[in-house]
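This is structure-v4.txt. It holds compact mmCIF, C-alpha atoms.
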```txt
# COMPACT_ATOMS: atom_id res chain seq x y z
CA MET H 1 62.90 109.12 105.68
CA THR H 2 66.57 108.19 105.76
CA ALA H 3 68.73 107.15 102.84
CA ASN H 4 67.53 103.88 101.30
CA ALA H 5 70.26 101.28 101.62
CA GLN H 6 68.48 98.95 99.20
CA LYS H 7 68.87 101.18 96.15
CA ALA H 8 71.91 100.88 93.91
CA HIS H 9 74.29 103.71 94.65
CA PRO H 10 74.77 106.16 91.77
CA ARG H 11 78.24 106.43 90.25
CA LYS H 12 79.60 109.97 90.41
CA ASN H 13 82.75 111.92 89.67
CA ILE H 14 82.58 115.04 91.84
CA LEU H 15 84.64 118.21 91.41
CA TRP H 16 84.70 120.87 94.14
CA PHE H 17 84.72 124.63 93.42
CA ASP H 18 86.11 126.43 96.49
CA ALA H 19 84.67 129.90 97.17
CA THR H 20 87.72 132.00 98.01
CA ALA H 21 90.29 130.16 95.90
CA ASN H 22 88.14 130.77 92.81
CA PHE H 23 86.47 134.02 93.83
CA LYS H 24 87.80 136.24 91.02
CA ARG H 25 87.46 133.47 88.43
CA PHE H 26 83.78 132.92 89.10
CA THR H 27 82.78 136.56 89.18
CA ILE H 28 82.78 136.25 85.36
CA LYS H 29 79.89 134.43 83.66
CA ASP H 30 81.93 133.21 80.70
CA SER H 31 84.50 131.77 83.10
CA ILE H 32 81.84 129.69 84.84
CA THR H 33 80.67 128.31 81.50
CA TYR H 34 84.22 127.61 80.32
CA TYR H 35 85.24 125.65 83.41
CA LEU H 36 81.98 123.72 83.58
CA GLU H 37 82.51 122.68 79.96
CA ARG H 38 86.08 121.60 80.72
CA SER H 39 84.85 119.67 83.75
CA LYS H 40 82.20 117.89 81.71
CA ASP H 41 84.75 116.98 79.05
CA ALA H 42 87.05 115.53 81.74
CA GLY H 43 84.35 113.12 82.94
CA VAL H 44 82.97 115.08 85.89
CA THR H 45 79.32 114.29 86.62
CA ASP H 46 78.68 116.54 89.64
CA VAL H 47 80.06 119.89 90.75
CA VAL H 48 80.01 121.29 94.28
CA VAL H 49 79.86 125.08 94.51
CA ASP H 50 81.12 126.44 97.83
CA LEU H 51 78.66 129.16 98.81
CA LYS H 52 79.63 129.77 102.43
CA PRO H 53 83.39 129.82 103.06
CA ILE H 54 84.98 129.89 106.49
CA THR H 55 84.40 133.63 106.97
CA GLY H 56 80.68 132.93 107.41
CA GLU H 57 79.92 135.24 104.49
CA VAL H 58 77.95 133.82 101.56
CA LEU H 59 78.11 134.05 97.77
CA TYR H 60 74.40 134.42 97.14
CA PRO H 61 71.94 137.23 98.05
CA SER H 62 71.12 136.10 101.57
CA LYS H 63 68.91 138.06 103.91
CA ILE H 64 70.47 136.29 106.91
CA ALA H 65 74.23 136.04 106.40
CA PRO H 66 76.50 138.83 105.12
CA VAL H 67 77.27 138.65 101.40
CA MET H 68 80.92 138.36 100.33
CA LYS H 69 81.32 141.24 97.87
CA GLU H 70 85.10 141.10 97.53
CA TRP H 71 87.98 138.84 98.47
CA LYS H 72 91.60 139.88 98.80
CA GLY H 73 92.91 136.89 100.65
CA GLU H 74 95.75 134.50 100.05
CA TYR H 75 94.66 133.46 96.56
CA GLU H 76 93.52 136.25 94.27
CA SER H 77 91.65 139.50 94.60
CA GLY H 78 88.26 140.05 93.07
CA VAL H 79 85.12 142.14 93.35
CA LYS H 80 81.70 140.55 92.91
CA ASP H 81 79.20 142.07 90.47
CA LEU H 82 75.96 141.86 92.44
CA SER H 83 73.79 142.54 89.37
CA TRP H 84 73.78 138.83 88.54
CA ASP H 85 73.68 135.67 90.66
CA MET H 86 76.59 133.26 90.49
CA LEU H 87 74.71 130.17 91.65
CA THR H 88 71.93 130.73 89.12
CA VAL H 89 74.53 130.73 86.35
CA PHE H 90 76.11 127.56 87.76
CA LEU H 91 72.70 125.89 87.81
CA GLU H 92 71.68 127.00 84.32
CA GLU H 93 75.00 126.18 82.67
CA GLY H 94 75.60 123.02 84.68
CA HIS H 95 72.18 121.60 83.89
CA ARG H 96 72.58 122.55 80.22
CA LEU H 97 75.65 120.32 80.19
CA GLY H 98 73.95 117.49 82.09
CA LEU H 99 75.90 118.11 85.31
CA LYS H 100 74.40 117.84 88.78
CA VAL H 101 75.00 120.99 90.82
CA HIS H 102 75.37 120.85 94.61
CA ALA H 103 75.88 123.71 97.05
CA SER H 104 78.33 123.46 99.94
CA THR H 105 78.32 125.41 103.19
CA ASN H 106 80.94 125.51 105.92
CA VAL H 107 78.70 125.18 108.96
CA PHE H 108 80.37 125.63 112.36
CA VAL H 109 82.86 128.31 111.37
CA ALA H 110 82.48 132.07 110.90
CA GLY H 111 85.84 133.75 110.55
CA HIS H 112 89.26 133.71 108.91
CA ASN H 113 91.93 134.16 111.57
CA HIS H 114 94.70 135.11 109.15
CA PHE H 115 92.76 138.18 108.03
CA ASP H 116 90.62 138.88 111.12
CA ARG H 117 87.69 138.72 108.79
CA GLY H 118 84.23 137.23 109.08
CA VAL H 119 81.09 137.11 111.17
CA VAL H 120 82.73 136.58 114.58
CA PHE H 121 84.98 139.58 113.92
CA SER H 122 82.39 141.95 112.44
CA ASP H 123 79.17 141.09 114.28
CA PRO H 124 79.33 141.89 118.04
CA SER H 125 76.21 139.78 118.68
CA LYS H 126 78.05 136.67 117.43
CA THR H 127 81.53 137.17 118.88
CA ASN H 128 80.67 134.92 121.82
CA TRP H 129 79.72 132.11 119.44
CA GLN H 130 83.38 131.35 118.77
CA THR H 131 84.78 128.21 120.29
CA ILE H 132 86.92 128.26 123.43
CA SER H 133 89.94 125.95 123.58
CA TYR H 134 91.65 124.63 126.69
CA LEU H 135 95.37 124.80 125.92
CA PRO H 136 98.58 124.16 127.83
CA GLY H 137 100.12 127.41 128.96
CA THR H 138 97.30 129.75 127.96
CA GLY H 139 94.36 127.84 129.46
CA PHE H 140 90.93 128.89 128.16
CA THR H 141 91.64 130.62 124.85
CA LYS H 142 89.35 132.09 122.19
CA ILE H 143 89.82 130.60 118.73
CA THR H 144 90.27 134.10 117.26
CA GLU H 145 93.40 134.49 119.40
CA GLN H 146 94.98 131.34 117.93
CA LYS H 147 96.61 132.69 114.80
CA ASN H 148 98.21 129.34 114.02
CA LYS H 149 94.69 128.26 112.98
CA TYR H 150 92.99 129.85 110.00
CA SER H 151 89.40 128.74 110.76
CA ALA H 152 87.59 130.65 113.48
CA MET H 153 85.35 127.76 114.51
CA LEU H 154 82.09 128.09 116.43
CA ASN H 155 80.74 126.14 119.38
CA PRO H 156 78.49 123.43 117.88
CA ALA H 157 76.66 122.92 121.21
CA ASN H 158 75.42 126.52 121.30
CA ARG H 159 71.74 126.46 120.38
CA ASP H 160 71.86 130.00 118.98
CA VAL H 161 74.63 128.90 116.63
CA GLN H 162 72.63 125.87 115.54
CA LYS H 163 69.46 127.89 114.86
CA TYR H 164 71.41 130.45 112.84
CA GLU H 165 73.12 127.82 110.69
CA LEU H 166 69.85 125.95 110.14
CA SER H 167 68.17 129.18 109.04
CA ILE H 168 70.88 129.71 106.41
CA LEU H 169 70.49 126.16 105.09
CA LYS H 170 66.73 126.57 104.89
CA GLU H 171 67.03 129.90 103.10
CA LEU H 172 69.52 128.53 100.58
CA VAL H 173 67.43 125.49 99.67
CA LYS H 174 64.21 127.52 99.34
CA MET H 175 65.89 130.20 97.21
CA TYR H 176 67.23 127.67 94.71
CA PRO H 177 64.65 124.92 94.07
CA LYS H 178 66.70 123.64 91.13
CA LEU H 179 69.64 122.71 93.34
CA ASP H 180 70.43 119.00 93.01
CA GLY H 181 72.03 118.69 96.43
CA ILE H 182 73.52 120.36 99.45
CA ILE H 183 76.74 119.09 101.04
CA LEU H 184 77.67 120.20 104.54
CA ASP H 185 81.27 120.82 105.56
CA ARG H 186 82.86 121.51 108.94
CA VAL H 187 79.95 120.06 110.90
CA ARG H 188 82.38 119.39 113.71
CA TYR H 189 84.37 120.70 116.62
CA ASP H 190 87.67 122.44 115.97
CA ALA H 191 89.81 119.95 117.89
CA LEU H 192 89.94 117.70 120.93
CA ALA H 193 90.70 120.74 123.11
CA THR H 194 87.34 122.41 122.30
CA ASP H 195 84.79 123.55 123.37
CA PHE H 196 85.43 124.47 127.00
CA SER H 197 83.18 127.51 127.28
CA ASP H 198 80.81 128.08 130.18
CA TYR H 199 77.99 127.26 127.78
CA SER H 200 79.44 123.83 127.06
CA ARG H 201 80.10 123.17 130.72
CA LYS H 202 76.47 123.80 131.63
CA ALA H 203 75.20 121.75 128.68
CA PHE H 204 77.50 118.83 129.50
CA GLU H 205 76.49 118.91 133.17
CA LYS H 206 72.83 118.84 132.13
CA HIS H 207 73.60 115.81 129.95
CA LEU H 208 75.41 114.09 132.82
CA GLY H 209 72.77 115.01 135.38
CA LYS H 210 75.44 116.24 137.78
CA LYS H 211 78.07 118.92 138.25
CA VAL H 212 81.62 118.47 137.00
CA SER H 213 83.59 118.91 140.21
CA ARG H 214 86.96 119.63 138.59
CA TRP H 215 86.62 121.64 135.37
CA PRO H 216 88.22 120.89 133.00
CA GLU H 217 90.60 118.40 134.68
CA ASP H 218 87.89 115.74 135.02
CA ILE H 219 87.81 115.77 131.21
CA LEU H 220 91.22 116.92 130.05
CA SER H 221 94.45 118.27 131.50
CA TYR H 222 98.13 118.49 130.53
CA THR H 223 101.44 117.33 131.87
CA THR H 224 103.99 119.96 132.75
CA GLY H 225 107.30 120.36 131.00
CA GLU H 226 108.67 121.43 127.65
CA LYS H 227 106.28 119.27 125.63
CA PRO H 228 102.97 119.00 127.50
CA GLU H 229 100.96 115.83 126.84
CA LYS H 230 97.19 115.48 127.11
CA VAL H 231 95.88 113.61 130.15
CA LYS H 232 92.39 112.10 130.00
CA GLY H 233 90.21 112.62 133.04
CA PRO H 234 87.55 110.26 134.44
CA LEU H 235 84.80 111.93 132.37
CA PHE H 236 86.75 111.97 129.11
CA ASN H 237 84.83 109.19 127.35
CA GLN H 238 81.48 110.59 128.42
CA TRP H 239 82.59 113.98 127.09
CA ILE H 240 83.51 112.38 123.76
CA GLU H 241 80.11 110.66 123.64
CA TRP H 242 78.26 113.91 124.41
CA ARG H 243 80.07 115.84 121.67
CA ALA H 244 79.19 113.10 119.17
CA LYS H 245 75.56 113.43 120.25
CA ILE H 246 75.66 117.17 119.59
CA ILE H 247 76.86 116.65 116.02
CA HIS H 248 74.55 113.65 115.44
CA ASP H 249 71.48 115.60 116.56
CA PHE H 250 72.39 118.59 114.40
CA VAL H 251 72.91 116.46 111.28
CA TYR H 252 69.50 114.85 111.69
CA GLU H 253 67.88 118.22 112.38
CA ALA H 254 69.57 119.75 109.33
CA ARG H 255 68.31 116.87 107.20
CA GLY H 256 64.77 117.51 108.42
CA VAL H 257 64.94 121.25 107.73
CA ILE H 258 66.42 120.76 104.26
CA LYS H 259 64.08 117.95 103.22
CA LYS H 260 61.07 119.95 104.39
CA ALA H 261 62.17 122.84 102.19
CA ASN H 262 62.87 120.53 99.21
CA PRO H 263 62.03 116.82 99.64
CA LYS H 264 63.85 115.88 96.42
CA ILE H 265 67.20 117.46 97.23
CA VAL H 266 70.21 115.24 97.95
CA PHE H 267 71.46 115.70 101.51
CA GLY H 268 75.20 115.18 101.81
CA ASP H 269 78.15 115.66 104.13
CA TYR H 270 81.94 115.85 103.93
CA THR H 271 84.25 114.51 106.65
CA GLY H 272 87.77 113.20 106.90
CA SER H 273 88.23 109.45 106.51
CA TRP H 274 90.55 108.98 109.53
CA TYR H 275 87.90 107.53 111.85
CA PRO H 276 90.28 106.20 114.55
CA THR H 277 91.13 109.80 115.48
CA TYR H 278 88.09 111.65 114.11
CA TYR H 279 86.33 111.30 117.46
CA GLU H 280 88.51 114.26 118.50
CA LEU H 281 86.25 116.44 116.35
CA GLY H 282 83.01 115.15 117.86
CA VAL H 283 82.00 113.25 114.74
CA ASN H 284 80.74 109.68 114.35
CA TRP H 285 80.09 109.32 110.61
CA ALA H 286 79.77 105.52 110.74
CA SER H 287 76.62 103.43 110.44
CA LYS H 288 74.64 102.76 113.60
CA ASP H 289 75.32 99.07 112.98
CA TYR H 290 79.02 99.60 113.70
CA ASP H 291 80.14 99.46 117.33
CA PRO H 292 83.47 101.31 117.81
CA SER H 293 83.64 100.36 121.51
CA LYS H 294 84.81 96.92 120.36
CA GLU H 295 87.88 98.48 118.72
CA PHE H 296 88.68 101.76 120.45
CA SER H 297 89.24 102.66 124.10
CA TRP H 298 87.75 106.15 123.67
CA ALA H 299 84.33 104.86 122.62
CA THR H 300 81.61 104.15 125.17
CA GLN H 301 79.03 101.44 124.53
CA ASN H 302 76.54 104.21 123.74
CA TYR H 303 78.83 105.95 121.23
CA LYS H 304 77.31 103.95 118.35
CA LYS H 305 73.92 105.55 119.07
CA TYR H 306 75.32 108.81 117.74
CA ALA H 307 76.44 107.53 114.36
CA TYR H 308 74.74 109.38 111.52
CA ALA H 309 75.60 107.68 108.21
CA GLU H 310 71.98 106.65 107.78
CA ALA H 311 70.96 110.33 107.72
CA LEU H 312 72.87 110.93 104.48
CA ASP H 313 71.99 110.54 100.81
CA LEU H 314 75.59 111.22 99.81
CA PHE H 315 78.87 111.03 101.73
CA THR H 316 82.18 112.45 100.55
CA THR H 317 85.32 111.64 102.50
CA GLY H 318 88.80 113.09 102.56
CA ASN H 319 91.16 110.27 101.63
CA TYR H 320 93.90 112.85 101.77
CA TYR H 321 97.15 110.93 101.44
CA PHE H 322 99.97 110.85 98.91
CA GLU H 323 100.37 107.09 99.34
CA VAL H 324 97.74 105.29 97.27
CA THR H 325 98.00 101.55 97.95
CA LYS H 326 98.26 99.82 101.31
CA GLU H 327 101.67 98.53 100.30
CA GLU H 328 102.86 102.13 100.04
CA LYS H 329 102.29 102.49 103.78
CA ASN H 330 105.81 101.15 104.19
CA LYS H 331 107.12 104.20 102.32
CA ILE H 332 105.66 106.64 104.85
CA ASP H 333 108.42 108.51 106.66
CA THR H 334 106.72 109.50 109.92
CA SER H 335 109.48 112.02 110.65
CA LYS H 336 108.62 113.96 107.48
CA VAL H 337 104.87 113.44 107.19
CA ASN H 338 103.05 116.74 106.70
CA ARG H 339 99.40 116.11 107.56
CA THR H 340 97.59 119.32 108.37
CA GLU H 341 93.93 118.24 108.47
CA ALA H 342 92.19 118.39 111.84
CA ALA H 343 92.75 115.30 114.05
CA GLN H 344 95.29 113.68 111.73
CA THR H 345 98.46 112.18 113.22
CA LYS H 346 101.85 111.25 111.77
CA ALA H 347 101.37 107.50 112.11
CA ALA H 348 102.03 104.97 109.34
CA GLU H 349 98.79 102.99 109.12
CA ASP H 350 96.84 101.29 106.33
CA TRP H 351 94.13 103.90 106.76
CA TYR H 352 96.64 106.64 106.03
CA THR H 353 96.65 105.51 102.39
CA VAL H 354 93.95 106.13 99.80
CA GLU H 355 93.16 102.43 99.48
CA GLY H 356 93.24 101.68 103.19
CA SER H 357 91.11 104.67 104.13
CA ALA H 358 88.52 103.80 101.48
CA ASP H 359 88.34 100.25 102.82
CA LEU H 360 87.86 101.60 106.34
CA VAL H 361 85.04 103.91 105.27
CA ASN H 362 83.31 101.06 103.43
CA ARG H 363 83.53 98.80 106.46
CA LEU H 364 82.20 101.40 108.90
CA THR H 365 79.34 102.62 106.70
CA GLY H 366 78.38 99.05 105.78
CA GLY H 367 77.15 99.86 102.29
CA LYS H 368 74.23 101.83 103.71
CA ILE H 369 74.96 105.02 101.77
CA PRO H 370 76.74 106.20 98.61
CA VAL H 371 80.37 107.01 99.43
CA TYR H 372 82.68 109.09 97.24
CA ALA H 373 86.34 108.91 98.21
CA GLY H 374 88.01 112.30 97.96
CA LEU H 375 91.46 113.61 97.06
CA TYR H 376 93.28 116.85 97.86
CA VAL H 377 94.98 117.65 94.57
CA GLU H 378 97.74 119.80 96.08
CA GLN H 379 99.19 116.73 97.83
CA TYR H 380 100.26 115.40 94.42
CA LYS H 381 101.99 118.56 93.19
CA GLY H 382 104.80 117.51 90.90
CA HIS H 383 103.49 113.91 90.76
CA PRO H 384 100.67 113.81 88.19
CA GLU H 385 101.01 110.04 87.75
CA GLN H 386 100.31 109.51 91.46
CA PHE H 387 97.26 111.74 91.20
CA VAL H 388 95.86 109.65 88.35
CA LYS H 389 96.59 106.47 90.29
CA ALA H 390 94.80 107.88 93.35
CA MET H 391 91.71 108.82 91.34
CA LYS H 392 91.50 105.35 89.88
CA MET H 393 91.77 103.89 93.38
CA CYS H 394 88.96 106.14 94.65
CA ARG H 395 86.72 105.01 91.82
CA ALA H 396 87.60 101.35 92.34
CA LYS H 397 87.04 101.42 96.09
CA SER H 398 83.96 103.66 96.35
CA ASP H 399 81.00 104.86 94.33
CA GLY H 400 83.19 107.38 92.57
CA ALA H 401 85.71 110.12 93.22
CA MET H 402 85.59 113.56 94.78
CA VAL H 403 88.35 115.94 93.69
CA PHE H 404 89.25 119.01 95.75
CA ASP H 405 89.73 121.50 94.18
CA ILE H 406 89.37 122.79 90.62
CA VAL H 407 91.81 125.60 91.42
CA HIS H 408 94.68 123.07 91.55
CA ILE H 409 93.59 121.41 88.30
CA ILE H 410 93.68 124.85 86.69
CA ASN H 411 96.98 125.93 88.25
CA TYR H 412 98.77 122.67 87.41
CA GLY H 413 97.14 122.30 83.99
CA TRP H 414 96.03 118.78 84.91
CA TRP H 415 92.91 118.50 82.75
CA LYS H 416 94.37 115.56 80.83
CA GLU H 417 95.29 113.85 84.10
CA LEU H 418 91.82 114.49 85.52
CA LYS H 419 90.23 112.94 82.44
CA GLU H 420 92.55 109.92 82.60
CA GLY H 421 91.78 109.32 86.26
CA LEU H 422 88.02 109.58 85.78
CA LYS H 423 87.59 107.58 82.61
CA ASN H 424 85.83 104.21 82.67
```

Could the structure of this file be written out as structure tokens, please?
Amino acid sequence: MTANAQKAHPRKNILWFDATANFKRFTIKDSITYYLERSKDAGVTDVVVDLKPITGEVLYPSKIAPVMKEWKGEYESGVKDLSWDMLTVFLEEGHRLGLKVHASTNVFVAGHNHFDRGVVFSDPSKTNWQTISYLPGTGFTKITEQKNKYSAMLNPANRDVQKYELSILKELVKMYPKLDGIILDRVRYDALATDFSDYSRKAFEKHLGKKVSRWPEDILSYTTGEKPEKVKGPLFNQWIEWRAKIIHDFVYEARGVIKKANPKIVFGDYTGSWYPTYYELGVNWASKDYDPSKEFSWATQNYKKYAYAEALDLFTTGNYYFEVTKEEKNKIDTSKVNRTEAAQTKAAEDWYTVEGSADLVNRLTGGKIPVYAGLYVEQYKGHPEQFVKAMKMCRAKSDGAMVFDIVHIINYGWWKELKEGLKN
């Protein structure tokens, strides 16, 4: 059973709790209680607890994935006391306060490149799961060798990868029957230049029903010179369609596995809002009623078949822009724009504002599912008034707001601003 478009969408104010950024903080029970109470007071209705960061390790006693016992990364060091369970405390304290508690997992990623840490680094049986990029100059390149990227992404088309990730989701939901929801993250490809492994070649050829005579040039190649440009091959659009099918099929399979384990749980997903370029990541988060081939040259007529909005009970989007209103688009200096999210560009478009991106998401999902427009707090550093304005826009243009992440609220001391932005 897919999400029911006829029901009124619940209003929510969602606050994200990142795993590694808050690792030390949430190894202390009293700290969990304190910050949940502050969140409740600020008007938060739902919290999302990140239980599987990009290393592929988890913050609960899994029998499948390695447990993260300590973290000494770029934020703060900490050692986990394994005598008590963090998520159980979040659930007990959150529910005591009337908060909904969701778990989040980073799906198609299993390593942190800046620290050479994680499943693809430590488990020899999973090293070959990492994605292979096709890059100018270096050609076929493992993601773990690309130190300019911090996420060691996996190949979403690899069936062994899919089965492993599904087993973790199933385990998590069965272990915690009181969970209100589960929200997937990084259910995507790393970039347009992935995945060009032998595994993907064989799978794509099976999908096509024929061999790819020039690999990878029939899909993608590069110009020569100081600044190589991507060149689309004759099979490019079919490749884009196939990747969207891979992600679409996984999302529906994940929904089935999770709902079988707990039929009442809310099944959610996070993606970026920049749909016109999000195809680069193999993701079609729109409704099946929307036909992108009428607007975009990269979309085949069949691309709409691989939209998956209707699979979701909850959808959070990254409306990650400093500019809030569409009018502020004119203030965007494309020579200075610093957009670091996957598949973003430096263009000045309506949908590169909070308001414009929310409107785009609403149009493409067609009101079929609850949508919660999200903000990246760090983008407003030094501009608390813009942060408040952005939250109010998210709440006006969607079914509520999603705020990423509590660590920035704490570091900036923006509890008053959070409360102002979330108040009715």

Would you please work out which residue, of H:Val58, H:Val107, H:Ala309, H:Ala348, is nearest to H:Thr334 when using all atoms listed in the file?
->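 Closest to H:Thr334, using all atoms listed in the file: H:Ala348.
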
Write out as a PyMOL selection string each polymer residue whose atoms come within 8 Å of stretch 311-318 of chain H, counting all atoms listed in the file; drop sequence neighbours fewer than 5 positions from it.
-> chain H and resi 2-3+251-252+255+266-273+369-376+402

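Proximity ranking of H:Lys147, H:Asp123, H:Trp84, H:Gly43 relative to H:Leu99 places H:Gly43 first, based on all atoms listed in the file.
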
Near H:Asp30, within 12 Å and counting only C-alpha atoms, which residues show up once chain neighbours fewer than 4 positions away are dropped, as a list in words?
-> Arg25, Phe26, Tyr34, Tyr35, Leu36, Glu37, Met86, Val89, Phe90 and Glu93 of chain H

Counting only C-alpha atoms, the residue among H:Asp50, H:Glu349, H:Glu241, H:Asp160 that lies closest to H:Asp333 is H:Glu349

Quick one, how far is atom CA of H:Thr353 from atom CA of H:Lys227?
->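 Atom CA of H:Lys227 lies at a distance of 28.7 Å from atom CA of H:Thr353.
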
Just want the 12 Å neighbourhood of H:Asp116, counted on only C-alpha atoms, with same-chain residues fewer than 3 positions away dropped. Output as a PDB file with C-alpha atoms, in the coordinates of the input.
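That gives us selection.pdb:
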```pdb
ATOM      1  CA  ILE H  54      84.980 129.890 106.490  1.00  0.00           C
ATOM      2  CA  THR H  55      84.400 133.630 106.970  1.00  0.00           C
ATOM      3  CA  GLY H  73      92.910 136.890 100.650  1.00  0.00           C
ATOM      4  CA  ALA H 110      82.480 132.070 110.900  1.00  0.00           C
ATOM      5  CA  GLY H 111      85.840 133.750 110.550  1.00  0.00           C
ATOM      6  CA  HIS H 112      89.260 133.710 108.910  1.00  0.00           C
ATOM      7  CA  ASN H 113      91.930 134.160 111.570  1.00  0.00           C
ATOM      8  CA  VAL H 119      81.090 137.110 111.170  1.00  0.00           C
ATOM      9  CA  VAL H 120      82.730 136.580 114.580  1.00  0.00           C
ATOM     10  CA  PHE H 121      84.980 139.580 113.920  1.00  0.00           C
ATOM     11  CA  SER H 122      82.390 141.950 112.440  1.00  0.00           C
ATOM     12  CA  ILE H 143      89.820 130.600 118.730  1.00  0.00           C
ATOM     13  CA  THR H 144      90.270 134.100 117.260  1.00  0.00           C
ATOM     14  CA  GLU H 145      93.400 134.490 119.400  1.00  0.00           C
ATOM     15  CA  GLN H 146      94.980 131.340 117.930  1.00  0.00           C
ATOM     16  CA  LYS H 147      96.610 132.690 114.800  1.00  0.00           C
ATOM     17  CA  LYS H 149      94.690 128.260 112.980  1.00  0.00           C
ATOM     18  CA  TYR H 150      92.990 129.850 110.000  1.00  0.00           C
ATOM     19  CA  SER H 151      89.400 128.740 110.760  1.00  0.00           C
ATOM     20  CA  ALA H 152      87.590 130.650 113.480  1.00  0.00           C
TER      21      ALA H 152
END
```

Option closest in space to H:Trp129, from H:Val161, H:Val101, H:Ala244, H:Ile219 [counting all atoms listed in the file] | H:Val161

Counting only C-alpha atoms, the residue among H:Lys80, H:Lys178, H:Lys69, H:Lys381 that lies closest to H:Ala103 is H:Lys178

Could you tell me which of H:Phe387, H:Trp16, H:Tyr308, H:Tyr176 comes closest to H:Tyr321 if we count all atoms listed in the file?
->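 The shortest atom-to-atom distance to H:Tyr321 comes from H:Phe387.
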
What separation in Å, quoted to one decimal, exists between atom CA of H:Leu179 and atom CA of H:Asn262?
->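 These two atoms are separated by 9.2 Å.
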
Selection near stretch 191-203 of chain H, 10 Å with only C-alpha atoms, sequence-local residues under 5 positions removed, as number ranges by chain = H: 128-136, 139-143, 153-159, 208-212, 215-216, 219-221, 230, 240, 242-243, 277-282, 342-343

Keeping only C-alpha atoms, take the residues you just selected and write them out as a compact mmCIF listing (two decimals), in the frame of the given file.
```txt
# COMPACT_ATOMS: atom_id res chain seq x y z
CA ASN H 128 80.67 134.92 121.82
CA TRP H 129 79.72 132.11 119.44
CA GLN H 130 83.38 131.35 118.77
CA THR H 131 84.78 128.21 120.29
CA ILE H 132 86.92 128.26 123.43
CA SER H 133 89.94 125.95 123.58
CA TYR H 134 91.65 124.63 126.69
CA LEU H 135 95.37 124.80 125.92
CA PRO H 136 98.58 124.16 127.83
CA GLY H 139 94.36 127.84 129.46
CA PHE H 140 90.93 128.89 128.16
CA THR H 141 91.64 130.62 124.85
CA LYS H 142 89.35 132.09 122.19
CA ILE H 143 89.82 130.60 118.73
CA MET H 153 85.35 127.76 114.51
CA LEU H 154 82.09 128.09 116.43
CA ASN H 155 80.74 126.14 119.38
CA PRO H 156 78.49 123.43 117.88
CA ALA H 157 76.66 122.92 121.21
CA ASN H 158 75.42 126.52 121.30
CA ARG H 159 71.74 126.46 120.38
CA LEU H 208 75.41 114.09 132.82
CA GLY H 209 72.77 115.01 135.38
CA LYS H 210 75.44 116.24 137.78
CA LYS H 211 78.07 118.92 138.25
CA VAL H 212 81.62 118.47 137.00
CA TRP H 215 86.62 121.64 135.37
CA PRO H 216 88.22 120.89 133.00
CA ILE H 219 87.81 115.77 131.21
CA LEU H 220 91.22 116.92 130.05
CA SER H 221 94.45 118.27 131.50
CA LYS H 230 97.19 115.48 127.11
CA ILE H 240 83.51 112.38 123.76
CA TRP H 242 78.26 113.91 124.41
CA ARG H 243 80.07 115.84 121.67
CA THR H 277 91.13 109.80 115.48
CA TYR H 278 88.09 111.65 114.11
CA TYR H 279 86.33 111.30 117.46
CA GLU H 280 88.51 114.26 118.50
CA LEU H 281 86.25 116.44 116.35
CA GLY H 282 83.01 115.15 117.86
CA ALA H 342 92.19 118.39 111.84
CA ALA H 343 92.75 115.30 114.05
```

Here atom CA of H:Glu253 and atom CA of H:Ile168 stand apart by 13.3 Å

H:Lys12 environment, 9 Å, all atoms listed in the file, sequence neighbours closer than 2 positions dropped, as an mmCIF file with C-alpha atoms, in the coordinates of the input:
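Wrote it out as selection-v9.cif, contents follow:
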```cif
data_model
loop_
_atom_site.group_PDB
_atom_site.id
_atom_site.type_symbol
_atom_site.label_atom_id
_atom_site.label_comp_id
_atom_site.auth_asym_id
_atom_site.auth_seq_id
_atom_site.Cartn_x
_atom_site.Cartn_y
_atom_site.Cartn_z
ATOM 1 C CA PRO H 10 74.770 106.160 91.770
ATOM 2 C CA ILE H 14 82.580 115.040 91.840
ATOM 3 C CA VAL H 44 82.970 115.080 85.890
ATOM 4 C CA THR H 45 79.320 114.290 86.620
ATOM 5 C CA ASP H 46 78.680 116.540 89.640
ATOM 6 C CA TYR H 372 82.680 109.090 97.240
ATOM 7 C CA ARG H 395 86.720 105.010 91.820
ATOM 8 C CA ASP H 399 81.000 104.860 94.330
ATOM 9 C CA GLY H 400 83.190 107.380 92.570
ATOM 10 C CA ALA H 401 85.710 110.120 93.220
ATOM 11 C CA MET H 402 85.590 113.560 94.780
#
```
